[in-house]
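These notes concern the structure reproduced below.
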Amino acid sequence: MHSDPAVTENRLDRVLTQRIKPAVHARSTPLTVEIWNVRGEPVPVADGINAAYTPARVGDRWGPAWSTSWFRVSGTVPAEWAGLPVEAVLDLGFGTTEPGFSAEALVYRPDGTAVKALNPRNTHLPVVQSARGGERFTAHIEAAANPVVLHSGPRVLHFAPTEVGGRARWLADTDAPAGEPLYRLRRLDLAVFDAGVFELAQDLEVLGQLMGELPAQSTRRWALLQAVERALDAIDLQDISGTAAAAREILVPALAAPASTGAHRISAVGHAHIDSAWLWPLRETVRKVARTVSNVTQLMDDHADFKFVMSQAQQLAWLKEHRPEVYARAQEKTKSGQFLPAGSLWVEPDTNITGGESLARQFVHGKRFYLDEFGIETEEMWLPDTFGYNAALPQLMKLAGVRWFLTQKISWNTTNKFPHHTFWWEGIDGTRIFSHFPPVDTYNSELSGAEVAHSERNFQDKAGTNRSLVPFGYGDGGGGPTREMLARAARLASLEGSPRISIEGPAEFFPKALADYPDAPVWVGELYLEFHRGTLTSQLATKQGNRRSEHLLREAELWAATAARRTGAAYPYEALDRLWKTVLLHQFHDILPGTSIAWVHREAEETYVAVARELGQLIGDAQQALAGPAGGDGGGVVFNAAPHARGGVQAMGAAPRPQGPATVPPVAEDGGFVLDNGLVRIVIDARGLITSAYDLTAGREALAPGAPANLLQLHQDFPNAWDAWDIDAFYRNTVRDLTGAESVEAVDGGVRVVRVFGASRIEQTLTLEAGARRLDIDTLVDWHEREKLLKAAFPLDVRAAHSTAEIPFGHVERPTHTNTSWDAAKFEVCAHRFLHVGEPGWGAALVNDSTYGHDVTRDVRPDGGTTTTVRLSLARASRFPDPEADQGEHRLRYALVVGVPVAEAIREGYHLNLPERTVPGSAEVAPLVTVDQDAIVVSAVKLADDRSGDVVVRLYEAHGGRASATLTPGFGFAAAAVTDLLERPVADEGSHQVTEGGVRLTLRPFQILTLRLTPRRD
C-alpha cells in the first residue's frame, strides 16, 4: 500500500464529518415542539415549565439578542427501538461557534430539576439506556439567545447596537436587526444512540490526529496510516452501523500498542473556565454555571474516573442560591472525589489592579466557602486567564495555606517566551511557591492529538521532570468536557507515539511534580504579561469604583471596630461581608480590567455607587458615635483613616481641629502663577503648564531643563487586535501635546486650567498646601475622543536607574532602560498609589487616586544630564467590546511630590486616597491600635469574623527593609496571636513578642503579618 498521507488525512476528515459522526444518531423520529418567548429578563424555572406554550417546528426562528425562549419537547419511543439506548438530539441552531459564545440552553425534567446543558458541541440528551418501547418523553429547555459577540479573524471588531429592555446592549457578527430573532431551530428528534459508530468515530479521530503529529518518516506514522486506510475501506458508507464493528477490529492492534516507558506524562483534569462576566452580563454567568455543572455531573454518572476542577467560590455560591438541586449534585460528586472545588479565591481576579487587602479577602472568602460548604482545604491558586501576576502573591498564597500555583496566560507573551513550565516562584518577601504553566498553552484543551503533542514538544523542563498538566474542556463561556474528550483520554492512557494521559486533579499532580523536580528553577519577581497592557487603563469609571470601594471598606471596618470597642456599637458583620463579596466579584479579570461589554460596566458603575452609599452610611454612623457632642468652636472632629499621622491627627485616630491645612494662594508672575509654601516653589506658565518645581530645601529643580510638566499628551490608540485589552508600542509614534489653554486663572486655593481639544474638555485645579511637598492636580475630564490614549507627562531631572512602583503590600523596582527584550517589553507598567524615581539622596513621585497604567522613559540631554519622564495613563477610548468605553465625565486626582524618598511616596499615596473626614463633635478618638514605626503599615483593623470580639490587625513592612516596632492596642488585651489570612492561629516565626502594654514586632522586608488581639474580659 503506497498512500499519500495528505490524501488519507483528507479522506478521513470527510468520512468522519459527513458519514460516521452523523450515523451516531441515524435512526430518529421528530419530537413535538412548543415555544414560549420570555419578555425581558429570565424568569424562574417554575414559570417557564408552567407557561402557556404555542406550537413550533424545525426551521422556526427564535431569540432576539439576550432574550430567553422556553421550549417544550415531547415524543414517544418507537416500539421497534426496544432494547436500544435512546437519546434526544436537540440542536437549537447553535451554529459553529465554540460553546459559551452563542446560544446555550439547560434542559429540565417536568419536575423542574436540571438534567444537562446544550451547546454547539453538546446537543444530545440521554433518555433511556435500554428502551422498552412506548416510553413517553417530555423535557423543557430554557434557551438563551446570547448573541455572537466575538469571532477570530477580520470580523472581530464588527458590532451593532440593539435595544433590550429599554437599555442599550452591544453585540457583534450578526446581520439581524435589533429585536429580530438570531437563531433557527435545526433538529429536535428522538434517536437511537449507536454506541458502535460512536466508538469507531473516536478510534479514527484519535489515531488520525496522532498520525498527523508524528514525524513524517516514522514507522509508527506509516503503520497508523495503513490501519486507518484499511478501516476506511472496511466501512460501507451506506451501512455505517452494520460495518462499524469490522472497521474497529482492524484498528485494535494500532490502539493496543502501548506508550514507551519514557513517554511524557500528562495529568488531565476536566475544566470549564467560566468568565464571571465578559461578553455577557453577570446574570447570564449565573445560568452558565448551572449549565456547566449540570453537564459535568451528568458526565460523572457515566464515567466514574472523570474528575473536574471548579474554581471561583462566587460561582458555586450563585449555584447554591439559584439552582440548589444542581449544587446538591456538585456536593454529591465532591464526596465521590470527582467534582473538585479548587482555586482558593472568591473569583479569579485581576492581580495587577486589585489592592493588597482585597487580594487577602479573595483568599479569605474563597477558602472559607470551600471549607464551610465542602469541607475542603484548597491548596492551589488556579488563575489560568489573569493578565499578569504581582510579586506579592507568593506570600499571600502561603499565608492562606496555598502550596501550588497554576496559570497559562504567560504563554501569551508577544516578545519573550517564558523559560519554564515548572518552577519556584519567589515573591518580594522571599516566599517561594511551586508553580506550573501547562505547556499545552491553553486552559480549554480538547485533548486533541495536536494539543497533546504540543504539550510534549513545548515542555521546557524535560531535563528535570517529565510531567505536565492539561486542563481540558470548553471554557471562557463554559460548557466543560464532553464524552468525546473522555473517549480520547481513555485511548491516550497508553498509546505508542503519544504522551501517557491520566485523569487526575491538581492535588494528585502537584505532589508528583514536586517529588520529580524539587530543585526546579526559581523565577523572582512579578510575572509580567507582555500583552493586554491596556487593561491598566480601560474603563476608568470601573477602576475608580474599585479603588474607592477598597478604601471605603478599610474605613468602614476601622471606624466600626473602633466604635464597637469604644462605645459598644454593633459591628456590621453581615453588611461588611456582603459588601466585600460584591467588591471582590467586580475584581474579576474581565470586569476590573475594563474588557467586558457595555452592559457589564454600566452595571458595575451602578453597583459601585450603591456600595459607596452604603459604606458611607456605615462610616458616618461609626464616626458620629465616636465624635461625641459638638464643641464650642464648631470645628468638628477630624478623622484620619490613613496609616500615618497628619495635620496633628494620629494614624487611624481622630481629634478636634478648628480648621484644616490652608492652601497656598497663587501669585501672578509673567502671565502665569507661582505657588510657594517655603518647601517647594511651583511655577505655572501662561499655557497652564508647570515649568518649574523647585525643591527649596534641597536647592534643586525637579523638572528637566526646558521640559514642562503636567503636559497632557494625546496618542492614537488603535492596537492590532483586542481593543480594550491592548496598547501596542507603536502608539508612541504619533503624539499631540495639548499645550493650548482656553483659560488659566487663579481660583480659591489654586490655579485652574481649562483645555478644549477635539470633542473633549479638561479642567484641572492645581493646589499646594502649607507644609506639603505635594502639588495636587484635581482633574475633571469630559471625554469624547475615539481610539485615543490620554497621558500626563512629568519630565524629571533625575538619573534614575529604576522606577519604584507600589504593588499590593509593597513595591517593585523596574529598570528604566531597555537593555534587554524583557526590559523593553515593559513599556506600560502597573503602579498603585505611587510611582517613584530618584537618585541617591533625592527623588520625586507621582501619586494618584485612580490610575494604574504608567510608562517611564529616559533620555540623555546635550548637557550630559538625564531626563527621566514618568507618565500616567489617564483615559482610553477603545471601541470593542464596548464602543462607548470611557465616554463622558470623569473626576480623578493625581499629584507631584517633590524631593521625597520612597517612604514619603508611600505616605502621600495613602493620604491622597484616604482624605480626612470632619464630623460634628468634640471628642478625641484614640486609635484602636498604634504602631511606632512608619515602615510598618497597617492594612486593616477589624473585628474577627468569628464574632468573638477579638480585634484583627493586618500590617506589612512597606519600605523593603527589616523593621522593628511596638504595636500598642488602645484597649486592655489578654493575648496576641499570629494568624493566617483566615484568622486561624499559626506557628510564629519569632515575628512578635507580647510585652507589658504592647506587642513587639520584628518584620523582614515586605513581610505581611496578621495579629489577633484578644481583649481582656474584665
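Lettering and numbering for the C-alpha cells are positional, with chains as A, B, ... in the shown order, residues counted from 1 in each chain, and ligands counted from 1 in the shown order.
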All residues 12 Å or closer to Phe971 in chain A, only C-alpha atoms, same chain fewer than 5 positions away omitted, as a ChimeraX atom specification: /A:561-562,564-566,926-930,950-951,997-998,1013-1018
Give me the range 306-378 of chain A side of the contact with range 568-590 of chain A, cut-off 6 Å, one line per residue showing its nearest atom pair and distance in Å at one decimal, counting only C-alpha atoms, sorted by chain and residue number, as JSON lines.
```
{"residue": "A:Val347", "atom": "CA", "partner": "A:Phe588", "partner_atom": "CA", "distance": 6.0}
{"residue": "A:Glu348", "atom": "CA", "partner": "A:Phe588", "partner_atom": "CA", "distance": 5.7}
{"residue": "A:Pro349", "atom": "CA", "partner": "A:Phe588", "partner_atom": "CA", "distance": 4.1}
{"residue": "A:Asp350", "atom": "CA", "partner": "A:His589", "partner_atom": "CA", "distance": 4.3}
```
Residues just named, written with N, CA and C atoms as a JSON list (two decimals), in the first residue's frame:
```json
[["chain", "number", "residue", "atom", "x", "y", "z"],
["A", 347, "VAL", "N", -13.26, 34.93, 43.32],
["A", 347, "VAL", "CA", -13.31, 34.86, 41.86],
["A", 347, "VAL", "C", -11.87, 34.74, 41.38],
["A", 348, "GLU", "N", -11.69, 34.58, 40.08],
["A", 348, "GLU", "CA", -10.34, 34.65, 39.52],
["A", 348, "GLU", "C", -10.08, 36.11, 39.17],
["A", 349, "PRO", "N", -9.45, 36.85, 40.08],
["A", 349, "PRO", "CA", -9.38, 38.31, 39.93],
["A", 349, "PRO", "C", -8.21, 38.75, 39.06],
["A", 350, "ASP", "N", -8.30, 39.97, 38.60],
["A", 350, "ASP", "CA", -7.11, 40.65, 38.11],
["A", 350, "ASP", "C", -6.19, 40.83, 39.30]]
```
Counting only C-alpha atoms, the residue of A:Asn546, A:Gln650, A:Ser455, A:Asn466 that sits nearest Val931 in chain A: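 Under the stated criterion, the closest residue is A:Gln650.
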Computed interatomic separation between CA of Pro78 in chain A and CA of Thr138 in chain A (Å): 14.6 Å
- request: Write out as a ChimeraX atom specification the residues lying within 10 Å of range 19-29 of chain A, counting only C-alpha atoms and excluding same-chain residues fewer than 3 positions away.
  value: /A:12-16,32,75-78,81,86-89,124,188-202,204,235-241,244
Include N, CA and C atoms and write out the residues we just selected as a short mmCIF file (atom, residue, chain, number, x, y, z; two decimals), in the first residue's frame.
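The new file part_14.cif reads:
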```cif
data_model
loop_
_atom_site.label_atom_id
_atom_site.label_comp_id
_atom_site.auth_asym_id
_atom_site.auth_seq_id
_atom_site.Cartn_x
_atom_site.Cartn_y
_atom_site.Cartn_z
N LEU A 12 -10.08 10.78 5.59
CA LEU A 12 -10.55 10.51 6.94
C LEU A 12 -11.42 11.65 7.45
N ASP A 13 -10.99 12.87 7.25
CA ASP A 13 -11.74 14.02 7.74
C ASP A 13 -13.13 14.06 7.13
N ARG A 14 -13.22 13.81 5.82
CA ARG A 14 -14.53 13.88 5.17
C ARG A 14 -15.45 12.75 5.61
N VAL A 15 -14.90 11.55 5.69
CA VAL A 15 -15.73 10.41 6.08
C VAL A 15 -16.24 10.59 7.53
N LEU A 16 -15.34 11.03 8.42
CA LEU A 16 -15.75 11.27 9.80
C LEU A 16 -16.85 12.33 9.88
N THR A 32 -42.32 16.54 19.09
CA THR A 32 -43.26 17.65 19.06
C THR A 32 -42.63 18.83 19.80
N GLY A 75 -42.36 13.36 22.96
CA GLY A 75 -42.46 12.31 21.98
C GLY A 75 -42.55 10.96 22.64
N THR A 76 -42.70 9.92 21.80
CA THR A 76 -42.83 8.55 22.28
C THR A 76 -41.76 7.70 21.63
N VAL A 77 -41.08 6.87 22.42
CA VAL A 77 -40.06 5.98 21.90
C VAL A 77 -40.73 4.90 21.05
N PRO A 78 -40.36 4.74 19.79
CA PRO A 78 -40.97 3.70 18.94
C PRO A 78 -40.78 2.30 19.53
N TRP A 81 -37.66 0.15 18.83
CA TRP A 81 -36.37 0.50 19.44
C TRP A 81 -36.15 -0.23 20.78
N VAL A 86 -31.55 5.23 23.82
CA VAL A 86 -32.24 6.31 23.12
C VAL A 86 -31.80 7.65 23.71
N GLU A 87 -31.55 8.60 22.83
CA GLU A 87 -31.21 9.97 23.22
C GLU A 87 -32.08 10.94 22.44
N ALA A 88 -32.21 12.14 23.00
CA ALA A 88 -32.80 13.23 22.24
C ALA A 88 -31.66 14.03 21.62
N VAL A 89 -31.81 14.42 20.37
CA VAL A 89 -30.85 15.28 19.69
C VAL A 89 -31.52 16.64 19.55
N HIS A 124 -26.78 16.32 22.63
CA HIS A 124 -27.52 15.10 22.96
C HIS A 124 -28.05 15.16 24.39
N LEU A 188 -34.72 18.55 16.29
CA LEU A 188 -35.24 18.16 17.60
C LEU A 188 -35.89 16.80 17.42
N ASP A 189 -35.11 15.76 17.70
CA ASP A 189 -35.51 14.39 17.43
C ASP A 189 -35.28 13.50 18.63
N LEU A 190 -36.03 12.39 18.67
CA LEU A 190 -35.62 11.23 19.44
C LEU A 190 -34.80 10.36 18.51
N ALA A 191 -33.70 9.77 19.03
CA ALA A 191 -32.82 9.00 18.16
C ALA A 191 -32.19 7.84 18.92
N VAL A 192 -31.88 6.78 18.18
CA VAL A 192 -31.10 5.68 18.73
C VAL A 192 -29.64 6.11 18.80
N PHE A 193 -29.03 5.92 19.95
CA PHE A 193 -27.59 6.18 20.08
C PHE A 193 -26.84 4.92 19.68
N ASP A 194 -26.11 4.99 18.59
CA ASP A 194 -25.35 3.84 18.09
C ASP A 194 -23.95 3.87 18.71
N ALA A 195 -23.77 3.12 19.78
CA ALA A 195 -22.51 3.15 20.51
C ALA A 195 -21.36 2.66 19.66
N GLY A 196 -21.59 1.66 18.82
CA GLY A 196 -20.52 1.15 17.97
C GLY A 196 -20.00 2.19 17.00
N VAL A 197 -20.90 2.95 16.40
CA VAL A 197 -20.48 4.01 15.49
C VAL A 197 -19.78 5.12 16.25
N PHE A 198 -20.30 5.46 17.44
CA PHE A 198 -19.65 6.48 18.26
C PHE A 198 -18.21 6.09 18.58
N GLU A 199 -18.01 4.85 19.01
CA GLU A 199 -16.67 4.40 19.37
C GLU A 199 -15.76 4.35 18.15
N LEU A 200 -16.30 3.97 17.01
CA LEU A 200 -15.49 3.99 15.78
C LEU A 200 -15.01 5.41 15.47
N ALA A 201 -15.91 6.36 15.62
CA ALA A 201 -15.52 7.76 15.37
C ALA A 201 -14.38 8.18 16.29
N GLN A 202 -14.44 7.76 17.55
CA GLN A 202 -13.37 8.14 18.48
C GLN A 202 -12.07 7.43 18.13
N LEU A 204 -11.01 6.42 15.18
CA LEU A 204 -10.43 7.02 13.98
C LEU A 204 -9.90 8.43 14.25
N ILE A 235 -15.48 0.18 5.75
CA ILE A 235 -16.75 0.84 6.07
C ILE A 235 -17.59 0.96 4.81
N ASP A 236 -18.82 0.48 4.90
CA ASP A 236 -19.80 0.70 3.85
C ASP A 236 -20.49 2.02 4.17
N LEU A 237 -20.27 3.02 3.35
CA LEU A 237 -20.81 4.35 3.65
C LEU A 237 -22.33 4.39 3.62
N GLN A 238 -22.96 3.35 3.03
CA GLN A 238 -24.42 3.26 3.07
C GLN A 238 -24.91 2.38 4.21
N ASP A 239 -23.96 1.79 4.96
CA ASP A 239 -24.31 0.97 6.12
C ASP A 239 -23.23 1.14 7.18
N ILE A 240 -23.12 2.34 7.71
CA ILE A 240 -22.09 2.63 8.70
C ILE A 240 -22.27 1.74 9.92
N SER A 241 -23.49 1.64 10.42
CA SER A 241 -23.74 0.86 11.64
C SER A 241 -23.38 -0.60 11.45
N ALA A 244 -19.40 -0.96 11.25
CA ALA A 244 -18.54 -0.30 12.23
C ALA A 244 -17.70 -1.29 13.01
#
```
Secondary structure check, helix (DSSP H, G or I) residues of range 507-575 of chain A, as an MDAnalysis selection string: chainID A and resid 507:516 533:536 540:567 573:575
Contacts of range 800-805 of chain A at 6 Å (only C-alpha atoms; same-chain gap of 5+ positions) as a PyMOL selection string: chain A and resi 811-816+831+835-839
field: strand (DSSP E) positions in range 696-808 of chain A, given as a PyMOL selection string
entry: chain A and resi 700-701+711-716+735-737+743-747+750-757+760-768+774-783+788-796+802-807
Spatial neighbours of range 329-339 of chain A, 8 Å, only C-alpha atoms, chain gap at least 3 places, as a PDB file with N, CA and C atoms, in the first residue's frame:
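File written: part19.pdb
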```pdb
ATOM      1  N   VAL A 293     -22.207  22.893  35.318  1.00  0.00           N
ATOM      2  CA  VAL A 293     -22.187  21.912  36.404  1.00  0.00           C
ATOM      3  C   VAL A 293     -23.183  20.792  36.125  1.00  0.00           C
ATOM      4  N   THR A 297     -21.677  16.927  35.989  1.00  0.00           N
ATOM      5  CA  THR A 297     -22.163  15.930  36.947  1.00  0.00           C
ATOM      6  C   THR A 297     -22.900  14.805  36.219  1.00  0.00           C
ATOM      7  N   MET A 300     -20.266  12.568  34.938  1.00  0.00           N
ATOM      8  CA  MET A 300     -19.670  11.760  36.009  1.00  0.00           C
ATOM      9  C   MET A 300     -20.470  10.495  36.291  1.00  0.00           C
ATOM     10  N   ALA A 304     -16.903   7.028  35.955  1.00  0.00           N
ATOM     11  CA  ALA A 304     -16.551   7.102  37.373  1.00  0.00           C
ATOM     12  C   ALA A 304     -15.163   7.677  37.615  1.00  0.00           C
ATOM     13  N   ASP A 305     -14.280   7.619  36.607  1.00  0.00           N
ATOM     14  CA  ASP A 305     -12.921   8.127  36.794  1.00  0.00           C
ATOM     15  C   ASP A 305     -12.770   9.577  36.359  1.00  0.00           C
ATOM     16  N   PHE A 306     -13.834  10.191  35.887  1.00  0.00           N
ATOM     17  CA  PHE A 306     -13.778  11.577  35.415  1.00  0.00           C
ATOM     18  C   PHE A 306     -13.689  12.535  36.595  1.00  0.00           C
ATOM     19  N   LYS A 307     -12.732  13.446  36.527  1.00  0.00           N
ATOM     20  CA  LYS A 307     -12.554  14.463  37.562  1.00  0.00           C
ATOM     21  C   LYS A 307     -12.585  15.844  36.928  1.00  0.00           C
ATOM     22  N   PHE A 308     -13.185  16.767  37.661  1.00  0.00           N
ATOM     23  CA  PHE A 308     -13.438  18.108  37.123  1.00  0.00           C
ATOM     24  C   PHE A 308     -13.105  19.154  38.171  1.00  0.00           C
ATOM     25  N   VAL A 309     -12.290  20.122  37.786  1.00  0.00           N
ATOM     26  CA  VAL A 309     -11.910  21.235  38.658  1.00  0.00           C
ATOM     27  C   VAL A 309     -12.882  22.396  38.467  1.00  0.00           C
ATOM     28  N   MET A 310     -13.408  22.905  39.576  1.00  0.00           N
ATOM     29  CA  MET A 310     -14.289  24.072  39.536  1.00  0.00           C
ATOM     30  C   MET A 310     -13.704  25.134  40.440  1.00  0.00           C
ATOM     31  N   GLU A 325     -30.649  22.317  43.411  1.00  0.00           N
ATOM     32  CA  GLU A 325     -30.568  20.886  43.097  1.00  0.00           C
ATOM     33  C   GLU A 325     -29.307  20.573  42.289  1.00  0.00           C
ATOM     34  N   VAL A 326     -28.848  21.516  41.483  1.00  0.00           N
ATOM     35  CA  VAL A 326     -27.586  21.319  40.766  1.00  0.00           C
ATOM     36  C   VAL A 326     -26.418  21.424  41.741  1.00  0.00           C
ATOM     37  N   PHE A 374     -17.950  22.491  51.550  1.00  0.00           N
ATOM     38  CA  PHE A 374     -17.458  21.219  51.029  1.00  0.00           C
ATOM     39  C   PHE A 374     -16.497  20.509  51.975  1.00  0.00           C
TER      40      PHE A 374
END
```
- request: Compile the contact shell of range 211-223 of chain A as a VMD selection string: residues with an atom at most 10 Å away, counting only C-alpha atoms, same-chain residues fewer than 3 positions apart removed.
  value: chain A and resid 2 to 3 5 to 6 9 205 to 208 226 to 228 254 257 449 to 454 496 to 498
Selected residues written out, N, CA and C atoms, as an mmCIF file, in the first residue's frame:
```
data_model
loop_
_atom_site.group_PDB
_atom_site.id
_atom_site.type_symbol
_atom_site.label_atom_id
_atom_site.label_comp_id
_atom_site.auth_asym_id
_atom_site.auth_seq_id
_atom_site.Cartn_x
_atom_site.Cartn_y
_atom_site.Cartn_z
ATOM 1 N N HIS A 2 0.723 2.079 -0.983
ATOM 2 C CA HIS A 2 1.578 3.273 -1.122
ATOM 3 C C HIS A 2 0.685 4.509 -1.146
ATOM 4 N N SER A 3 0.217 4.888 -0.016
ATOM 5 C CA SER A 3 -0.726 6.000 0.060
ATOM 6 C C SER A 3 -0.013 7.311 0.289
ATOM 7 N N PRO A 5 -0.025 10.434 2.539
ATOM 8 C CA PRO A 5 -0.611 10.776 3.843
ATOM 9 C C PRO A 5 -1.639 11.894 3.765
ATOM 10 N N ALA A 6 -1.373 12.905 2.956
ATOM 11 C CA ALA A 6 -2.317 14.016 2.860
ATOM 12 C C ALA A 6 -3.653 13.562 2.309
ATOM 13 N N GLU A 9 -5.456 11.699 5.111
ATOM 14 C CA GLU A 9 -5.964 12.618 6.134
ATOM 15 C C GLU A 9 -7.215 13.340 5.647
ATOM 16 N N GLU A 205 -10.637 9.186 15.060
ATOM 17 C CA GLU A 205 -10.213 10.557 15.321
ATOM 18 C C GLU A 205 -8.894 10.574 16.085
ATOM 19 N N VAL A 206 -8.768 9.743 17.121
ATOM 20 C CA VAL A 206 -7.541 9.716 17.907
ATOM 21 C C VAL A 206 -6.362 9.254 17.064
ATOM 22 N N LEU A 207 -6.541 8.180 16.314
ATOM 23 C CA LEU A 207 -5.430 7.673 15.502
ATOM 24 C C LEU A 207 -5.079 8.648 14.384
ATOM 25 N N GLY A 208 -6.090 9.246 13.794
ATOM 26 C CA GLY A 208 -5.820 10.212 12.735
ATOM 27 C C GLY A 208 -5.081 11.429 13.247
ATOM 28 N N GLN A 226 -1.669 3.017 7.420
ATOM 29 C CA GLN A 226 -2.209 1.813 6.808
ATOM 30 C C GLN A 226 -3.425 1.302 7.572
ATOM 31 N N ALA A 227 -3.382 1.348 8.897
ATOM 32 C CA ALA A 227 -4.518 0.883 9.684
ATOM 33 C C ALA A 227 -5.756 1.734 9.409
ATOM 34 N N VAL A 228 -5.591 3.030 9.337
ATOM 35 C CA VAL A 228 -6.715 3.921 9.069
ATOM 36 C C VAL A 228 -7.276 3.663 7.678
ATOM 37 N N ALA A 254 -3.486 -1.214 16.422
ATOM 38 C CA ALA A 254 -2.922 0.139 16.469
ATOM 39 C C ALA A 254 -3.219 0.817 17.795
ATOM 40 N N ALA A 257 -1.091 -0.819 20.993
ATOM 41 C CA ALA A 257 0.353 -0.624 21.140
ATOM 42 C C ALA A 257 0.614 0.382 22.256
ATOM 43 N N GLY A 449 -5.018 15.467 19.301
ATOM 44 C CA GLY A 449 -3.663 14.998 19.045
ATOM 45 C C GLY A 449 -2.670 16.128 18.945
ATOM 46 N N ALA A 450 -3.081 17.222 18.304
ATOM 47 C CA ALA A 450 -2.178 18.359 18.153
ATOM 48 C C ALA A 450 -1.845 18.970 19.502
ATOM 49 N N GLU A 451 -2.844 19.092 20.394
ATOM 50 C CA GLU A 451 -2.594 19.687 21.706
ATOM 51 C C GLU A 451 -1.709 18.791 22.568
ATOM 52 N N VAL A 452 -1.978 17.499 22.539
ATOM 53 C CA VAL A 452 -1.193 16.575 23.339
ATOM 54 C C VAL A 452 0.249 16.540 22.865
ATOM 55 N N ALA A 453 0.440 16.510 21.557
ATOM 56 C CA ALA A 453 1.797 16.511 21.018
ATOM 57 C C ALA A 453 2.506 17.828 21.323
ATOM 58 N N HIS A 454 1.775 18.929 21.239
ATOM 59 C CA HIS A 454 2.368 20.234 21.551
ATOM 60 C C HIS A 454 2.813 20.285 23.010
ATOM 61 N N GLU A 496 1.202 4.147 21.818
ATOM 62 C CA GLU A 496 2.514 4.345 21.221
ATOM 63 C C GLU A 496 2.552 5.618 20.376
ATOM 64 N N GLY A 497 3.593 6.407 20.608
ATOM 65 C CA GLY A 497 3.771 7.646 19.860
ATOM 66 C C GLY A 497 3.186 8.862 20.535
ATOM 67 N N SER A 498 2.474 8.659 21.642
ATOM 68 C CA SER A 498 1.800 9.757 22.334
ATOM 69 C C SER A 498 2.235 9.803 23.791
#
```
- request: Select, from A:Glu526, A:Asp461, A:Asp275, A:Glu484, the residue with the minimum atom-to-atom distance to Leu447 in chain A, counting only C-alpha atoms.
  value: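 Selected residue with least distance to Leu447 in chain A: A:Glu484.
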task: Could you give me, as a PyMOL selection string, the residues within 9 Å of range 890-902 of chain A, counting only C-alpha atoms and dropping anything in the same chain fewer than 6 positions from it?
output: chain A and resi 540-541+544+680+693-695+697-698+700+702+710+766+772-783+794+804+834-838+841-851+872+874+908+912+959
Each residue of range 458-542 of chain A with at least one atom at most 10 Å from range 402-412 of chain A should appear once, together with its nearest atom pair and the corresponding distance in Å (one decimal); atoms considered: only C-alpha atoms; ordering: chain, then increasing residue number; output as CSV.
```
residue,atom,partner,partner_atom,distance
A:Leu469,CA,A:Leu406,CA,9.5
A:Pro471,CA,A:Gln408,CA,9.9
A:Pro506,CA,A:Trp404,CA,8.6
A:Ala507,CA,A:Trp404,CA,9.1
A:Phe510,CA,A:Trp404,CA,7.1
A:Pro511,CA,A:Trp404,CA,9.2
A:Leu514,CA,A:Trp404,CA,9.8
A:Leu527,CA,A:Ile410,CA,7.5
A:Tyr528,CA,A:Ile410,CA,7.7
A:Leu529,CA,A:Ile410,CA,5.6
A:Glu530,CA,A:Trp412,CA,7.4
A:Phe531,CA,A:Trp412,CA,7.0
A:His532,CA,A:Trp412,CA,9.4
```
- request: Work out how far CA of Gly356 in chain A is from CA of Thr422 in chain A, in Å to one decimal.
  value: 26.0 Å
